[in-house]
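File shown: work.cif (mmCIF, C-alpha atoms).
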data_model
loop_
_atom_site.group_PDB
_atom_site.id
_atom_site.type_symbol
_atom_site.label_atom_id
_atom_site.label_comp_id
_atom_site.auth_asym_id
_atom_site.auth_seq_id
_atom_site.Cartn_x
_atom_site.Cartn_y
_atom_site.Cartn_z
ATOM 1 C CA MET A 233 93.680 135.090 6.290
ATOM 2 C CA LYS A 234 97.140 136.032 5.048
ATOM 3 C CA LEU A 235 97.267 138.734 7.641
ATOM 4 C CA THR A 236 96.475 136.288 10.444
ATOM 5 C CA LYS A 237 99.292 133.927 9.388
ATOM 6 C CA PHE A 238 101.670 136.798 9.247
ATOM 7 C CA ALA A 239 100.638 137.966 12.681
ATOM 8 C CA MET A 240 101.156 134.483 14.123
ATOM 9 C CA ALA A 241 104.594 134.198 12.539
ATOM 10 C CA ALA A 242 105.514 137.604 13.849
ATOM 11 C CA ALA A 243 104.327 136.668 17.323
ATOM 12 C CA LEU A 244 106.336 133.450 17.185
ATOM 13 C CA LEU A 245 109.461 135.268 16.044
ATOM 14 C CA THR A 246 109.025 137.905 18.721
ATOM 15 C CA SER A 247 108.695 135.309 21.439
ATOM 16 C CA ILE A 248 111.794 133.409 20.265
ATOM 17 C CA ALA A 249 113.770 136.640 20.084
ATOM 18 C CA PHE A 250 112.507 137.697 23.527
ATOM 19 C CA THR A 251 113.298 134.357 25.133
ATOM 20 C CA SER A 252 116.774 134.261 23.742
ATOM 21 C CA CYS A 253 117.809 137.507 25.388
ATOM 22 C CA LYS A 254 117.213 136.275 28.955
ATOM 23 C CA PRO A 255 118.716 133.160 30.685
ATOM 24 C CA LYS A 256 116.869 129.879 30.146
ATOM 25 C CA ASP A 257 115.301 128.155 33.166
ATOM 26 C CA SER A 258 117.924 125.413 32.986
ATOM 27 C CA GLU A 259 120.691 127.980 33.132
ATOM 28 C CA ILE A 260 119.066 129.754 36.059
ATOM 29 C CA LYS A 261 118.726 126.416 37.873
ATOM 30 C CA ALA A 262 122.409 125.646 37.304
ATOM 31 C CA ASN A 263 123.458 129.099 38.463
ATOM 32 C CA VAL A 264 121.303 128.984 41.604
ATOM 33 C CA GLU A 265 122.589 125.514 42.467
ATOM 34 C CA ALA A 266 126.174 126.667 41.959
ATOM 35 C CA ALA A 267 125.569 129.674 44.244
ATOM 36 C CA LEU A 268 124.047 127.455 46.954
ATOM 37 C CA LYS A 269 126.864 124.907 46.715
ATOM 38 C CA ALA A 270 129.270 127.579 47.948
ATOM 39 C CA ASP A 271 127.948 126.844 51.443
ATOM 40 C CA MET A 272 127.895 123.223 52.589
ATOM 41 C CA LYS A 273 124.792 123.836 54.698
ATOM 42 C CA MET A 274 122.845 124.935 51.604
ATOM 43 C CA ALA A 275 124.302 122.391 49.166
ATOM 44 C CA ASN A 276 121.402 119.924 49.385
ATOM 45 C CA THR A 277 118.663 122.410 48.548
ATOM 46 C CA VAL A 278 116.367 121.294 45.729
ATOM 47 C CA VAL A 279 115.952 124.016 43.073
ATOM 48 C CA ASP A 280 113.074 124.196 40.589
ATOM 49 C CA VAL A 281 112.796 126.945 38.010
ATOM 50 C CA ASN A 282 109.711 127.740 35.973
ATOM 51 C CA ASP A 283 109.818 130.766 33.720
ATOM 52 C CA GLY A 284 112.403 132.437 35.960
ATOM 53 C CA LYS A 285 110.414 131.783 39.109
ATOM 54 C CA VAL A 286 112.522 129.778 41.585
ATOM 55 C CA THR A 287 111.100 127.344 44.105
ATOM 56 C CA LEU A 288 113.395 126.053 46.857
ATOM 57 C CA SER A 289 112.583 122.830 48.702
ATOM 58 C CA GLY A 290 114.260 120.236 50.897
ATOM 59 C CA GLU A 291 115.490 120.474 54.463
ATOM 60 C CA CYS A 292 117.647 123.078 56.180
ATOM 61 C CA THR A 293 119.466 122.609 59.466
ATOM 62 C CA ASP A 294 118.128 125.888 60.877
ATOM 63 C CA ALA A 295 116.079 129.017 60.133
ATOM 64 C CA GLU A 296 119.189 131.053 59.362
ATOM 65 C CA CYS A 297 120.163 128.596 56.627
ATOM 66 C CA LYS A 298 116.643 128.767 55.179
ATOM 67 C CA ALA A 299 116.773 132.588 54.910
ATOM 68 C CA LYS A 300 120.267 132.540 53.441
ATOM 69 C CA CYS A 301 119.213 130.038 50.738
ATOM 70 C CA GLU A 302 116.401 132.369 49.747
ATOM 71 C CA SER A 303 118.545 135.522 49.576
ATOM 72 C CA THR A 304 121.311 133.678 47.719
ATOM 73 C CA ALA A 305 118.831 132.392 45.101
ATOM 74 C CA ALA A 306 117.234 135.843 44.751
ATOM 75 C CA GLY A 307 120.636 137.346 43.957
ATOM 76 C CA VAL A 308 121.246 135.099 40.934
ATOM 77 C CA LYS A 309 120.837 136.770 37.510
ATOM 78 C CA GLY A 310 117.519 136.094 35.806
ATOM 79 C CA VAL A 311 115.686 134.976 38.995
ATOM 80 C CA LYS A 312 112.277 136.588 39.426
ATOM 81 C CA THR A 313 111.546 137.639 42.996
ATOM 82 C CA PRO A 314 110.055 136.761 45.319
ATOM 83 C CA VAL A 315 111.655 133.334 45.503
ATOM 84 C CA ILE A 316 109.219 130.657 46.675
ATOM 85 C CA ASN A 317 110.847 129.257 49.791
ATOM 86 C CA ASN A 318 109.422 125.813 50.667
ATOM 87 C CA LEU A 319 112.458 124.744 52.670
ATOM 88 C CA THR A 320 111.716 123.028 55.961
ATOM 89 C CA VAL A 321 113.830 123.385 59.070
ATOM 90 C CA ALA A 322 114.961 120.121 60.660
ATOM 91 C CA ALA A 323 113.576 119.370 64.118
ATOM 92 C CA PRO A 324 116.171 119.628 66.888
ATOM 93 C CA VAL A 325 117.658 116.322 67.988
ATOM 94 C CA ILE A 326 115.939 115.121 71.177
ATOM 95 C CA THR A 327 117.917 112.789 73.385
ATOM 96 C CA THR A 328 115.770 110.345 75.308
ATOM 97 C CA PRO A 329 116.598 109.690 78.955
ATOM 98 C CA PRO A 330 117.571 106.162 79.953
ATOM 99 C CA PRO A 331 114.729 103.972 81.294
ATOM 100 C CA ALA A 332 113.905 104.546 84.948
ATOM 101 C CA SER A 333 115.150 102.124 87.539
ATOM 102 C CA THR A 334 117.757 100.556 85.268
ATOM 103 C CA ALA A 335 120.703 102.926 85.203
ATOM 104 C CA THR A 336 121.854 104.326 88.499
ATOM 105 C CA VAL A 337 123.868 107.495 88.583
ATOM 106 C CA LEU A 338 124.801 108.589 92.044
ATOM 107 C CA ASP A 339 124.672 112.321 91.466
ATOM 108 C CA ALA A 340 124.620 114.848 94.278
ATOM 109 C CA ALA A 341 120.817 115.123 94.254
ATOM 110 C CA THR A 342 120.379 111.345 94.592
ATOM 111 C CA GLN A 343 122.947 111.171 97.380
ATOM 112 C CA GLN A 344 121.111 113.974 99.161
ATOM 113 C CA LYS A 345 117.818 112.068 98.894
ATOM 114 C CA VAL A 346 119.387 109.052 100.567
ATOM 115 C CA LYS A 347 120.953 111.203 103.291
ATOM 116 C CA ASP A 348 117.640 113.008 103.819
ATOM 117 C CA GLY A 349 115.871 109.697 104.330
ATOM 118 C CA LEU A 350 118.484 108.212 106.640
ATOM 119 C CA LYS A 351 118.679 111.335 108.780
ATOM 120 C CA ASP A 352 115.919 110.089 111.078
ATOM 121 C CA ILE A 353 117.381 106.630 111.533
ATOM 122 C CA ASN A 354 119.823 106.594 114.431
ATOM 123 C CA GLY A 355 123.097 104.678 114.446
ATOM 124 C CA VAL A 356 123.564 104.513 110.696
ATOM 125 C CA THR A 357 126.210 106.070 108.438
ATOM 126 C CA VAL A 358 126.285 106.198 104.663
ATOM 127 C CA ASP A 359 129.168 106.540 102.202
ATOM 128 C CA PHE A 360 128.926 106.528 98.444
ATOM 129 C CA THR A 361 131.043 104.640 95.930
ATOM 130 C CA ALA A 362 130.700 105.246 92.183
ATOM 131 C CA ASP A 363 127.447 103.310 91.967
ATOM 132 C CA LYS A 364 126.477 102.155 95.459
ATOM 133 C CA ALA A 365 125.474 103.490 98.827
ATOM 134 C CA VAL A 366 127.501 101.775 101.553
ATOM 135 C CA ILE A 367 125.438 101.654 104.731
ATOM 136 C CA LYS A 368 127.003 100.824 108.088
ATOM 137 C CA GLY A 369 125.711 100.687 111.622
ATOM 138 C CA THR A 370 123.413 98.727 113.903
ATOM 139 C CA VAL A 371 119.672 98.766 113.362
ATOM 140 C CA THR A 372 116.411 97.087 114.275
ATOM 141 C CA PRO A 373 114.822 94.802 111.644
ATOM 142 C CA ALA A 374 112.096 97.416 111.090
ATOM 143 C CA ASN A 375 114.658 100.131 110.407
ATOM 144 C CA ARG A 376 116.650 97.813 108.159
ATOM 145 C CA MET A 377 113.563 97.444 106.004
ATOM 146 C CA LYS A 378 113.015 101.197 106.105
ATOM 147 C CA ILE A 379 116.578 101.775 104.898
ATOM 148 C CA MET A 380 116.095 99.345 102.007
ATOM 149 C CA GLN A 381 112.834 101.069 101.079
ATOM 150 C CA ILE A 382 114.519 104.475 101.124
ATOM 151 C CA LEU A 383 117.280 103.170 98.854
ATOM 152 C CA ALA A 384 114.792 101.513 96.506
ATOM 153 C CA SER A 385 112.654 104.619 96.143
ATOM 154 C CA ALA A 386 115.786 106.662 95.367
ATOM 155 C CA LYS A 387 116.760 103.847 92.915
ATOM 156 C CA VAL A 388 120.130 103.409 94.581
ATOM 157 C CA GLN A 389 121.985 100.105 94.794
ATOM 158 C CA SER A 390 123.504 99.330 98.124
ATOM 159 C CA ASP A 391 126.120 97.477 100.087
ATOM 160 C CA VAL A 392 124.688 96.656 103.515
ATOM 161 C CA SER A 393 127.286 94.067 104.513
ATOM 162 C CA GLY A 394 128.343 96.423 107.312
ATOM 163 C CA LEU A 395 124.820 96.806 108.666
ATOM 164 C CA MET A 396 124.349 94.784 111.839
ATOM 165 C CA ASP A 397 121.237 93.714 113.722
ATOM 166 C CA LYS A 398 120.529 95.305 117.057
ATOM 167 C CA LYS A 399 120.484 92.620 119.749
ATOM 168 C CA MET B 175 116.822 84.126 84.728
ATOM 169 C CA ALA B 176 118.306 82.807 87.945
ATOM 170 C CA LEU B 177 117.272 85.939 89.824
ATOM 171 C CA GLN B 178 113.719 85.621 88.602
ATOM 172 C CA ASP B 179 113.780 82.069 89.978
ATOM 173 C CA LYS B 180 115.173 83.250 93.305
ATOM 174 C CA TYR B 181 112.441 85.869 93.638
ATOM 175 C CA ALA B 182 109.704 83.825 91.896
ATOM 176 C CA GLN B 183 107.576 83.777 95.048
ATOM 177 C CA LEU B 184 107.793 87.552 95.337
ATOM 178 C CA LEU B 185 106.973 88.097 91.668
ATOM 179 C CA SER B 186 103.948 85.832 91.813
ATOM 180 C CA ALA B 187 102.796 87.571 95.021
ATOM 181 C CA ALA B 188 103.086 90.916 93.229
ATOM 182 C CA GLN B 189 100.796 89.554 90.526
ATOM 183 C CA THR B 190 98.390 88.068 93.045
ATOM 184 C CA HIS B 191 98.195 91.391 94.900
ATOM 185 C CA GLY B 192 97.435 93.108 91.611
ATOM 186 C CA VAL B 193 100.457 95.420 91.521
ATOM 187 C CA GLU B 194 99.805 97.814 88.657
ATOM 188 C CA ASN B 195 102.274 98.458 85.832
ATOM 189 C CA LEU B 196 104.397 95.617 87.154
ATOM 190 C CA SER B 197 107.717 95.608 85.363
ATOM 191 C CA VAL B 198 110.491 93.067 85.862
ATOM 192 C CA ALA B 199 113.882 93.357 84.205
ATOM 193 C CA GLU B 200 117.261 91.845 84.957
ATOM 194 C CA GLN B 201 120.279 93.998 84.288
ATOM 195 C CA ASN B 202 123.919 93.621 85.352
ATOM 196 C CA GLY B 203 123.101 91.045 88.004
ATOM 197 C CA VAL B 204 120.288 93.068 89.550
ATOM 198 C CA LEU B 205 116.597 92.325 89.217
ATOM 199 C CA HIS B 206 114.611 95.536 88.825
ATOM 200 C CA VAL B 207 110.997 95.257 89.900
ATOM 201 C CA SER B 208 108.744 98.283 89.701
ATOM 202 C CA GLY B 209 105.045 98.976 89.937
ATOM 203 C CA THR B 210 102.320 100.437 92.098
ATOM 204 C CA ALA B 211 100.802 98.428 94.941
ATOM 205 C CA LYS B 212 97.098 98.900 95.669
ATOM 206 C CA SER B 213 97.562 99.396 99.401
ATOM 207 C CA THR B 214 100.124 99.842 102.139
ATOM 208 C CA ALA B 215 99.256 96.321 103.372
ATOM 209 C CA ASP B 216 100.202 94.869 99.958
ATOM 210 C CA TYR B 217 103.377 96.937 99.958
ATOM 211 C CA ASP B 218 104.355 95.714 103.440
ATOM 212 C CA ALA B 219 103.588 92.111 102.490
ATOM 213 C CA LEU B 220 105.875 92.311 99.449
ATOM 214 C CA TRP B 221 108.704 93.819 101.479
ATOM 215 C CA ALA B 222 108.267 91.146 104.170
ATOM 216 C CA LEU B 223 108.553 88.498 101.470
ATOM 217 C CA TYR B 224 111.717 90.126 100.142
ATOM 218 C CA GLY B 225 113.184 89.934 103.667
ATOM 219 C CA GLN B 226 112.312 86.231 103.859
ATOM 220 C CA ILE B 227 113.769 85.305 100.478
ATOM 221 C CA ASP B 228 116.941 87.340 100.913
ATOM 222 C CA PRO B 229 117.805 87.458 104.635
ATOM 223 C CA ASN B 230 118.671 91.013 105.697
ATOM 224 C CA MET B 231 118.152 92.049 102.058
ATOM 225 C CA ALA B 232 121.929 92.085 101.852
ATOM 226 C CA SER B 233 122.587 90.490 98.460
ATOM 227 C CA GLY B 234 122.027 93.715 96.579
ATOM 228 C CA ASP B 235 120.497 91.765 93.707
ATOM 229 C CA LEU B 236 116.974 93.207 93.882
ATOM 230 C CA MET B 237 115.867 96.774 93.286
ATOM 231 C CA MET B 238 112.257 96.780 94.414
ATOM 232 C CA ASN B 239 111.013 100.158 93.345
ATOM 233 C CA ILE B 240 107.363 99.739 94.248
ATOM 234 C CA ASP B 241 105.210 102.586 95.459
ATOM 235 C CA VAL B 242 101.704 102.634 96.910
ATOM 236 C CA LYS B 243 98.794 103.971 94.956
ATOM 237 C CA ALA B 244 97.789 107.347 96.351
ATOM 238 C CA ALA B 245 96.140 110.244 94.571
ATOM 239 C CA ALA B 246 95.975 113.852 95.694
ATOM 240 C CA GLY B 247 93.600 114.095 98.666
ATOM 241 C CA ALA B 248 94.518 110.638 99.997
ATOM 242 C CA GLN B 249 94.987 110.204 103.735
ATOM 243 C CA LEU B 250 98.515 109.347 104.807
ATOM 244 C CA LYS B 251 99.627 108.014 108.162
ATOM 245 C CA VAL B 252 102.919 109.236 109.599
ATOM 246 C CA THR B 253 105.091 106.147 110.149
ATOM 247 C CA THR B 254 108.140 107.509 111.922
ATOM 248 C CA ASP B 255 109.591 105.359 114.712
ATOM 249 C CA SER B 256 108.243 107.637 117.429
ATOM 250 C CA THR B 257 109.491 111.104 116.549
ATOM 251 C CA ASN B 258 107.732 113.950 114.762
ATOM 252 C CA LEU B 259 107.920 114.157 110.988
ATOM 253 C CA ASN B 260 109.249 117.487 109.756
ATOM 254 C CA ILE B 261 107.268 119.346 107.123
ATOM 255 C CA ARG B 262 109.533 121.599 105.098
ATOM 256 C CA SER B 263 109.321 124.569 102.735
ATOM 257 C CA THR B 264 111.224 122.790 99.937
ATOM 258 C CA PRO B 265 111.615 119.077 99.022
ATOM 259 C CA SER B 266 114.955 118.686 100.811
ATOM 260 C CA THR B 267 116.256 118.610 104.384
ATOM 261 C CA GLU B 268 117.783 121.971 103.456
ATOM 262 C CA GLY B 269 114.248 123.349 103.473
ATOM 263 C CA GLU B 270 113.061 125.309 106.480
ATOM 264 C CA VAL B 271 110.767 123.363 108.857
ATOM 265 C CA VAL B 272 107.319 124.889 108.477
ATOM 266 C CA GLY B 273 105.384 122.320 110.490
ATOM 267 C CA LYS B 274 105.483 118.980 112.234
ATOM 268 C CA ALA B 275 103.313 115.894 112.152
ATOM 269 C CA ALA B 276 103.361 113.537 115.111
ATOM 270 C CA HIS B 277 103.943 109.777 114.935
ATOM 271 C CA ASP B 278 100.695 108.104 113.783
ATOM 272 C CA GLU B 279 99.105 111.454 112.841
ATOM 273 C CA VAL B 280 97.122 111.525 109.597
ATOM 274 C CA VAL B 281 97.917 114.090 106.915
ATOM 275 C CA THR B 282 96.481 114.743 103.451
ATOM 276 C CA LEU B 283 98.452 114.196 100.248
ATOM 277 C CA VAL B 284 98.631 117.339 98.118
ATOM 278 C CA GLU B 285 101.049 116.147 95.453
ATOM 279 C CA LYS B 286 103.624 113.407 94.853
ATOM 280 C CA THR B 287 106.519 115.738 94.137
ATOM 281 C CA ASP B 288 108.991 112.940 93.416
ATOM 282 C CA ASP B 289 109.823 109.428 94.630
ATOM 283 C CA SER B 290 111.317 110.733 97.867
ATOM 284 C CA TRP B 291 109.343 113.872 98.761
ATOM 285 C CA TRP B 292 105.596 114.400 98.898
ATOM 286 C CA LYS B 293 103.721 117.611 99.502
ATOM 287 C CA VAL B 294 101.248 117.199 102.366
ATOM 288 C CA ARG B 295 98.817 119.213 104.465
ATOM 289 C CA THR B 296 98.226 118.627 108.170
ATOM 290 C CA ALA B 297 94.870 118.835 109.940
ATOM 291 C CA GLN B 298 96.065 122.215 111.289
ATOM 292 C CA GLY B 299 96.467 123.469 107.720
ATOM 293 C CA GLU B 300 100.278 123.436 107.654
ATOM 294 C CA GLU B 301 101.427 122.636 104.119
ATOM 295 C CA GLY B 302 104.864 121.568 102.935
ATOM 296 C CA TYR B 303 107.117 118.689 101.917
ATOM 297 C CA ALA B 304 107.700 115.540 103.942
ATOM 298 C CA TYR B 305 109.881 112.519 103.252
ATOM 299 C CA ALA B 306 107.659 109.978 101.472
ATOM 300 C CA GLN B 307 109.175 106.941 103.187
ATOM 301 C CA TYR B 308 107.596 108.044 106.463
ATOM 302 C CA LEU B 309 104.121 108.350 104.982
ATOM 303 C CA SER B 310 101.844 105.379 104.373
ATOM 304 C CA PRO B 311 98.662 105.703 102.317
ATOM 305 C CA MET B 312 95.701 104.441 104.369
#
Can you present the structure in this file as structure tokens?
Amino acid sequence: MKLTKFAMAAALLTSIAFTSCKPKDSEIKANVEAALKADMKMANTVVDVNDGKVTLSGECTDAECKAKCESTAAGVKGVKTPVINNLTVAAPVITTPPPASTATVLDAATQQKVKDGLKDINGVTVDFTADKAVIKGTVTPANRMKIMQILASAKVQSDVSGLMDKK
Amino acid sequence: MALQDKYAQLLSAAQTHGVENLSVAEQNGVLHVSGTAKSTADYDALWALYGQIDPNMASGDLMMNIDVKAAAGAQLKVTTDSTNLNIRSTPSTEGEVVGKAAHDEVVTLVEKTDDSWWKVRTAQGEEGYAYAQYLSPM
């Protein structure tokens, strides 16, 4: 019985002595965080340390940042490798296009579409302002409607004040 | 709201004709109406109404972006004034002419490439892009 108690005490002492000669988890955590703070991109990484094993979590802006966080943490004294890297990479920002048929941008392709459509209608010219197609000429009522349909399908606003009816 | 009042007759006709995905929105003094008409006859009727409400369609206050329902394989009638409709290698007048379809000829829709150009096939087997405004689903 005495021997058992002695053994337990010895084991306890050994473990205290052993622990004291390597950095505590809290120290490792502070050191890893300090190392990551050197780079703004890595500053928000969440660091957890358990018995020298480091787990990184949170969100990185890109894959390069994720790898750098891991190698930086691995280089800190007292960190057991491999480092558990649970960092996620943020999804790229997707810009949504404006709703169809509401905004009209008269780019070259749109202008070409209008010109393509009007090519077969005789006696009509088209010029473009910043946001409108200015149609001039003399047309039959049927062709006037055709012109308006061409403009509508290309989603182009128009000025047809110079478009006259064929007598 | 005033524009919706002006074109109220047209909007109610669009509903009566069963225009699909009908969307009406007023923005910067222009009423945007979009949707898909069930037939060319419905489409023509709506455009005729537009011409009645706004003589010569000159006010520039309506953007009627309505197309006619047509799936691949649909029959399309060539509605040029009297001339042939060019069928081209690319969806642009820059494209080389690879075939022609006569006035009133019937071609088959292969694909609606965009709002302005459709890919079609003639009875002779010529395939290419034609300007959609000169094609009417039958």
Compile the residues of chain B that lie within 9 Å of chain A, evaluated using only C-alpha atoms, and express the compilation as a ChimeraX atom specification.
/B:199-201,204,206-208,221-222,225,230-241,254-255,257,259,266-268,289-291,305-308
Please write as a short mmCIF file (atom, residue, chain, number, x, y, z; two decimals) with C-alpha atoms, in the coordinates of the input the full residue list that the PyMOL selection byres ((chain B and resi 286) around 12) yields on this file.
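The new file out32.cif reads:
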data_model
loop_
_atom_site.label_atom_id
_atom_site.label_comp_id
_atom_site.auth_asym_id
_atom_site.auth_seq_id
_atom_site.Cartn_x
_atom_site.Cartn_y
_atom_site.Cartn_z
CA ASP B 241 105.21 102.59 95.46
CA VAL B 242 101.70 102.63 96.91
CA LYS B 243 98.79 103.97 94.96
CA ALA B 244 97.79 107.35 96.35
CA ALA B 245 96.14 110.24 94.57
CA ALA B 246 95.98 113.85 95.69
CA GLY B 247 93.60 114.10 98.67
CA ALA B 248 94.52 110.64 100.00
CA LEU B 250 98.52 109.35 104.81
CA PRO B 265 111.62 119.08 99.02
CA THR B 282 96.48 114.74 103.45
CA LEU B 283 98.45 114.20 100.25
CA VAL B 284 98.63 117.34 98.12
CA GLU B 285 101.05 116.15 95.45
CA THR B 287 106.52 115.74 94.14
CA ASP B 288 108.99 112.94 93.42
CA ASP B 289 109.82 109.43 94.63
CA SER B 290 111.32 110.73 97.87
CA TRP B 291 109.34 113.87 98.76
CA TRP B 292 105.60 114.40 98.90
CA LYS B 293 103.72 117.61 99.50
CA VAL B 294 101.25 117.20 102.37
CA GLY B 302 104.86 121.57 102.94
CA TYR B 303 107.12 118.69 101.92
CA ALA B 304 107.70 115.54 103.94
CA TYR B 305 109.88 112.52 103.25
CA ALA B 306 107.66 109.98 101.47
CA GLN B 307 109.18 106.94 103.19
CA LEU B 309 104.12 108.35 104.98
CA PRO B 311 98.66 105.70 102.32
#
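When CA of Lys269 in chain A is paired with CA of Glu291 in chain A, their separation reads 14.5 Å.
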How many Å lie between CA of Ala188 in chain B and CA of Thr214 in chain B, rounded to one decimal?
13.0 Å
Kindly list the centre and edge lengths in Å, rounded to one decimal, for the axis-aligned box that covers all listed atoms of range 356-366 of chain A plus 5 Å on each of its six sides, as JSON.
{"center_x": 127.3, "center_y": 104.2, "center_z": 101.3, "size_x": 17.5, "size_y": 14.8, "size_z": 28.7}
Contacts of Asn263 in chain A at 9 Å or less, counting all atoms listed in the file, minus same-chain residues fewer than 6 places along, as a PyMOL selection string?
chain A and resi 305+308-309
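The shortest atom-to-atom distance to Ala275 in chain A, with only C-alpha atoms taken into account, belongs to A:Cys301 out of A:Ala365, A:Cys301, A:Val311, A:Ala295.
With CA of Thr372 in chain A on one side and CA of Asp218 in chain B on the other, the separation reads 16.3 Å.
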